[in-house]
>>> print(open('target-v6.pdb').read())   # PDB, C-alpha atoms
ATOM      1  CA  MET A   1     106.358 103.473 114.584
ATOM      2  CA  PRO A   2     105.896 102.088 111.091
ATOM      3  CA  SER A   3     104.984  98.731 112.628
ATOM      4  CA  VAL A   4     101.731 100.269 113.909
ATOM      5  CA  ARG A   5     100.782 101.254 110.354
ATOM      6  CA  ASP A   6     101.811  97.817 109.074
ATOM      7  CA  ALA A   7      99.615  96.077 111.663
ATOM      8  CA  PHE A   8      96.521  98.072 110.686
ATOM      9  CA  GLY A   9      95.338  95.390 108.269
ATOM     10  CA  PHE A  10      95.736  92.657 110.871
ATOM     11  CA  TYR A  11      93.125  94.294 113.116
ATOM     12  CA  HIS A  12      90.768  95.768 110.514
ATOM     13  CA  ALA A  13      89.575  93.920 107.411
ATOM     14  CA  ASP A  14      88.846  97.200 105.590
ATOM     15  CA  ALA A  15      92.234  98.760 106.432
ATOM     16  CA  ALA A  16      93.445  98.879 102.825
ATOM     17  CA  GLU A  17      90.395 100.909 101.803
ATOM     18  CA  TYR A  18      91.239 103.564 104.388
ATOM     19  CA  ALA A  19      95.016 103.393 104.185
ATOM     20  CA  HIS A  20      94.938 104.043 100.423
ATOM     21  CA  HIS A  21      92.102 106.566 100.338
ATOM     22  CA  PRO A  22      93.144 109.590  98.242
ATOM     23  CA  LYS A  23      92.013 112.044 100.929
ATOM     24  CA  GLY A  24      93.641 110.171 103.792
ATOM     25  CA  ARG A  25      97.173 110.070 105.063
ATOM     26  CA  ILE A  26      98.909 108.197 107.854
ATOM     27  CA  VAL A  27     101.606 110.273 109.533
ATOM     28  CA  ILE A  28     104.035 108.679 111.956
ATOM     29  CA  ASP A  29     105.492 111.512 113.987
ATOM     30  CA  ASP A  30     105.150 113.303 117.277
ATOM     31  CA  GLY A  31     101.615 114.619 116.802
ATOM     32  CA  ARG A  32     101.997 117.858 118.698
ATOM     33  CA  ARG A  33     105.265 118.744 117.004
ATOM     34  CA  PHE A  34     103.836 117.819 113.571
ATOM     35  CA  LEU A  35     100.806 120.088 114.022
ATOM     36  CA  LYS A  36     102.948 122.982 115.240
ATOM     37  CA  ARG A  37     105.134 122.701 112.101
ATOM     38  CA  SER A  38     102.246 122.247 109.676
ATOM     39  CA  THR A  39     100.327 124.997 107.894
ATOM     40  CA  GLU A  40      97.684 122.482 106.756
ATOM     41  CA  GLN A  41      94.156 122.267 108.137
ATOM     42  CA  PHE A  42      92.679 118.895 109.067
ATOM     43  CA  ASP A  43      89.115 117.598 109.339
ATOM     44  CA  VAL A  44      90.001 114.747 111.690
ATOM     45  CA  ILE A  45      93.028 114.004 113.844
ATOM     46  CA  VAL A  46      93.268 110.627 115.552
ATOM     47  CA  ILE A  47      95.907 110.034 118.209
ATOM     48  CA  ASP A  48      97.067 106.914 119.954
ATOM     49  CA  PRO A  49      98.618 108.138 123.218
ATOM     50  CA  THR A  50     100.523 105.845 125.478
ATOM     51  CA  ALA A  51      98.634 104.575 128.503
ATOM     52  CA  PRO A  52      97.732 106.129 130.826
ATOM     53  CA  VAL A  53      96.450 109.171 128.974
ATOM     54  CA  MET A  54      97.569 111.436 131.798
ATOM     55  CA  ALA A  55     101.135 110.097 131.759
ATOM     56  CA  ARG A  56     103.897 112.647 132.229
ATOM     57  CA  GLY A  57     104.151 114.814 129.107
ATOM     58  CA  VAL A  58     100.915 113.619 127.512
ATOM     59  CA  LYS A  59      98.727 115.949 129.587
ATOM     60  CA  SER A  60     100.739 119.022 128.622
ATOM     61  CA  ALA A  61     100.699 117.987 124.954
ATOM     62  CA  LEU A  62      96.918 117.633 124.943
ATOM     63  CA  PHE A  63      96.052 120.763 126.873
ATOM     64  CA  ASP A  64      98.623 123.378 125.736
TER      65      ASP A  64
END
>>> encode(input="target-v6.pdb", output="structure tokens")
Amino acid sequence: MPSVRDAFGFYHADAAEYAHHPKGRIVIDDGRRFLKRSTEQFDVIVIDPTAPVMARGVKSALFD
């Protein structure tokens, strides 16, 4: 959700530095589907799964 990206600065004082870094990118999408479609390689991938982590569908997405 775009609102998550928009709230980044509310929780982190240095959010603008990271959100506008030339090597960084915030992608709002289904993470698994995005990675399957992408031909890019990534150094770091950060996810924010819904709680609980082992909720239906999340486990299969993480361990496929």
>>> residues_around(input="target-v6.pdb", residues="Val4 of chain A", least_positions_apart="6", cutoff="12 Å", atoms="only C-alpha atoms", output="ChimeraX atom specification")
/A:10-11,26-29,48
>>> atom_distance(input="target-v6.pdb", atom1="atom CA of Val44 of chain A", atom2="atom CA of Arg25 of chain A")
10.8 Å
>>> residues_around(input="target-v6.pdb", residues="Gly24 of chain A", least_positions_apart="5", cutoff="12 Å", atoms="all atoms listed in the file", output="short mmCIF file (atom, residue, chain, number, x, y, z; two decimals) with C-alpha atoms, in the coordinates of the input")
data_model
loop_
_atom_site.label_atom_id
_atom_site.label_comp_id
_atom_site.auth_asym_id
_atom_site.auth_seq_id
_atom_site.Cartn_x
_atom_site.Cartn_y
_atom_site.Cartn_z
CA ALA A 15 92.23 98.76 106.43
CA ALA A 16 93.44 98.88 102.82
CA GLU A 17 90.40 100.91 101.80
CA TYR A 18 91.24 103.56 104.39
CA ALA A 19 95.02 103.39 104.18
CA PHE A 42 92.68 118.90 109.07
CA ASP A 43 89.12 117.60 109.34
CA VAL A 44 90.00 114.75 111.69
CA ILE A 45 93.03 114.00 113.84
CA VAL A 46 93.27 110.63 115.55
#
>>> atom_distance(input="target-v6.pdb", atom1="atom CA of Glu40 of chain A", atom2="atom CA of His20 of chain A")
19.7 Å
>>> atom_distance(input="target-v6.pdb", atom1="atom CA of Ser38 of chain A", atom2="atom CA of His12 of chain A")
28.9 Å
>>> decode(input="target-v6.pdb", residues="segment 26-40 of chain A", atoms="N, CA, C and O atoms", output="compact mmCIF listing (two decimals), in the first residue's frame")
# COMPACT_ATOMS: atom_id res chain seq x y z
N ILE A 26 11.80 1.65 -3.52
CA ILE A 26 10.69 1.08 -2.76
C ILE A 26 9.70 0.54 -3.79
O ILE A 26 9.25 1.27 -4.67
N VAL A 27 9.40 -0.73 -3.69
CA VAL A 27 8.45 -1.37 -4.59
C VAL A 27 7.25 -1.83 -3.77
O VAL A 27 7.41 -2.53 -2.77
N ILE A 28 6.08 -1.42 -4.20
CA ILE A 28 4.85 -1.85 -3.53
C ILE A 28 4.17 -2.83 -4.48
O ILE A 28 3.65 -2.44 -5.52
N ASP A 29 4.26 -4.10 -4.12
CA ASP A 29 3.76 -5.17 -4.99
C ASP A 29 3.73 -6.44 -4.16
O ASP A 29 4.23 -6.47 -3.03
N ASP A 30 3.20 -7.48 -4.71
CA ASP A 30 3.32 -8.80 -4.11
C ASP A 30 4.76 -9.22 -4.32
O ASP A 30 5.22 -9.35 -5.46
N GLY A 31 5.51 -9.37 -3.24
CA GLY A 31 6.94 -9.61 -3.33
C GLY A 31 7.32 -10.84 -4.11
O GLY A 31 8.23 -10.82 -4.94
N ARG A 32 6.65 -11.93 -3.85
CA ARG A 32 6.96 -13.18 -4.54
C ARG A 32 6.70 -13.05 -6.03
O ARG A 32 7.53 -13.43 -6.86
N ARG A 33 5.57 -12.51 -6.39
CA ARG A 33 5.22 -12.34 -7.79
C ARG A 33 6.20 -11.38 -8.48
O ARG A 33 6.64 -11.61 -9.60
N PHE A 34 6.57 -10.30 -7.79
CA PHE A 34 7.52 -9.33 -8.35
C PHE A 34 8.86 -9.99 -8.66
O PHE A 34 9.43 -9.80 -9.73
N LEU A 35 9.37 -10.78 -7.71
CA LEU A 35 10.67 -11.43 -7.92
C LEU A 35 10.62 -12.47 -9.03
O LEU A 35 11.57 -12.64 -9.78
N LYS A 36 9.50 -13.17 -9.15
CA LYS A 36 9.37 -14.15 -10.23
C LYS A 36 9.35 -13.48 -11.60
O LYS A 36 9.83 -14.05 -12.58
N ARG A 37 8.80 -12.27 -11.69
CA ARG A 37 8.72 -11.54 -12.96
C ARG A 37 10.02 -10.82 -13.29
O ARG A 37 10.29 -10.52 -14.44
N SER A 38 10.81 -10.52 -12.30
CA SER A 38 12.00 -9.68 -12.48
C SER A 38 13.20 -10.48 -12.97
O SER A 38 13.39 -11.63 -12.60
N THR A 39 14.02 -9.84 -13.78
CA THR A 39 15.31 -10.42 -14.19
C THR A 39 16.46 -9.75 -13.44
O THR A 39 17.61 -10.11 -13.65
N GLU A 40 16.11 -8.79 -12.57
CA GLU A 40 17.13 -8.06 -11.81
C GLU A 40 17.69 -8.92 -10.69
O GLU A 40 17.06 -9.86 -10.24
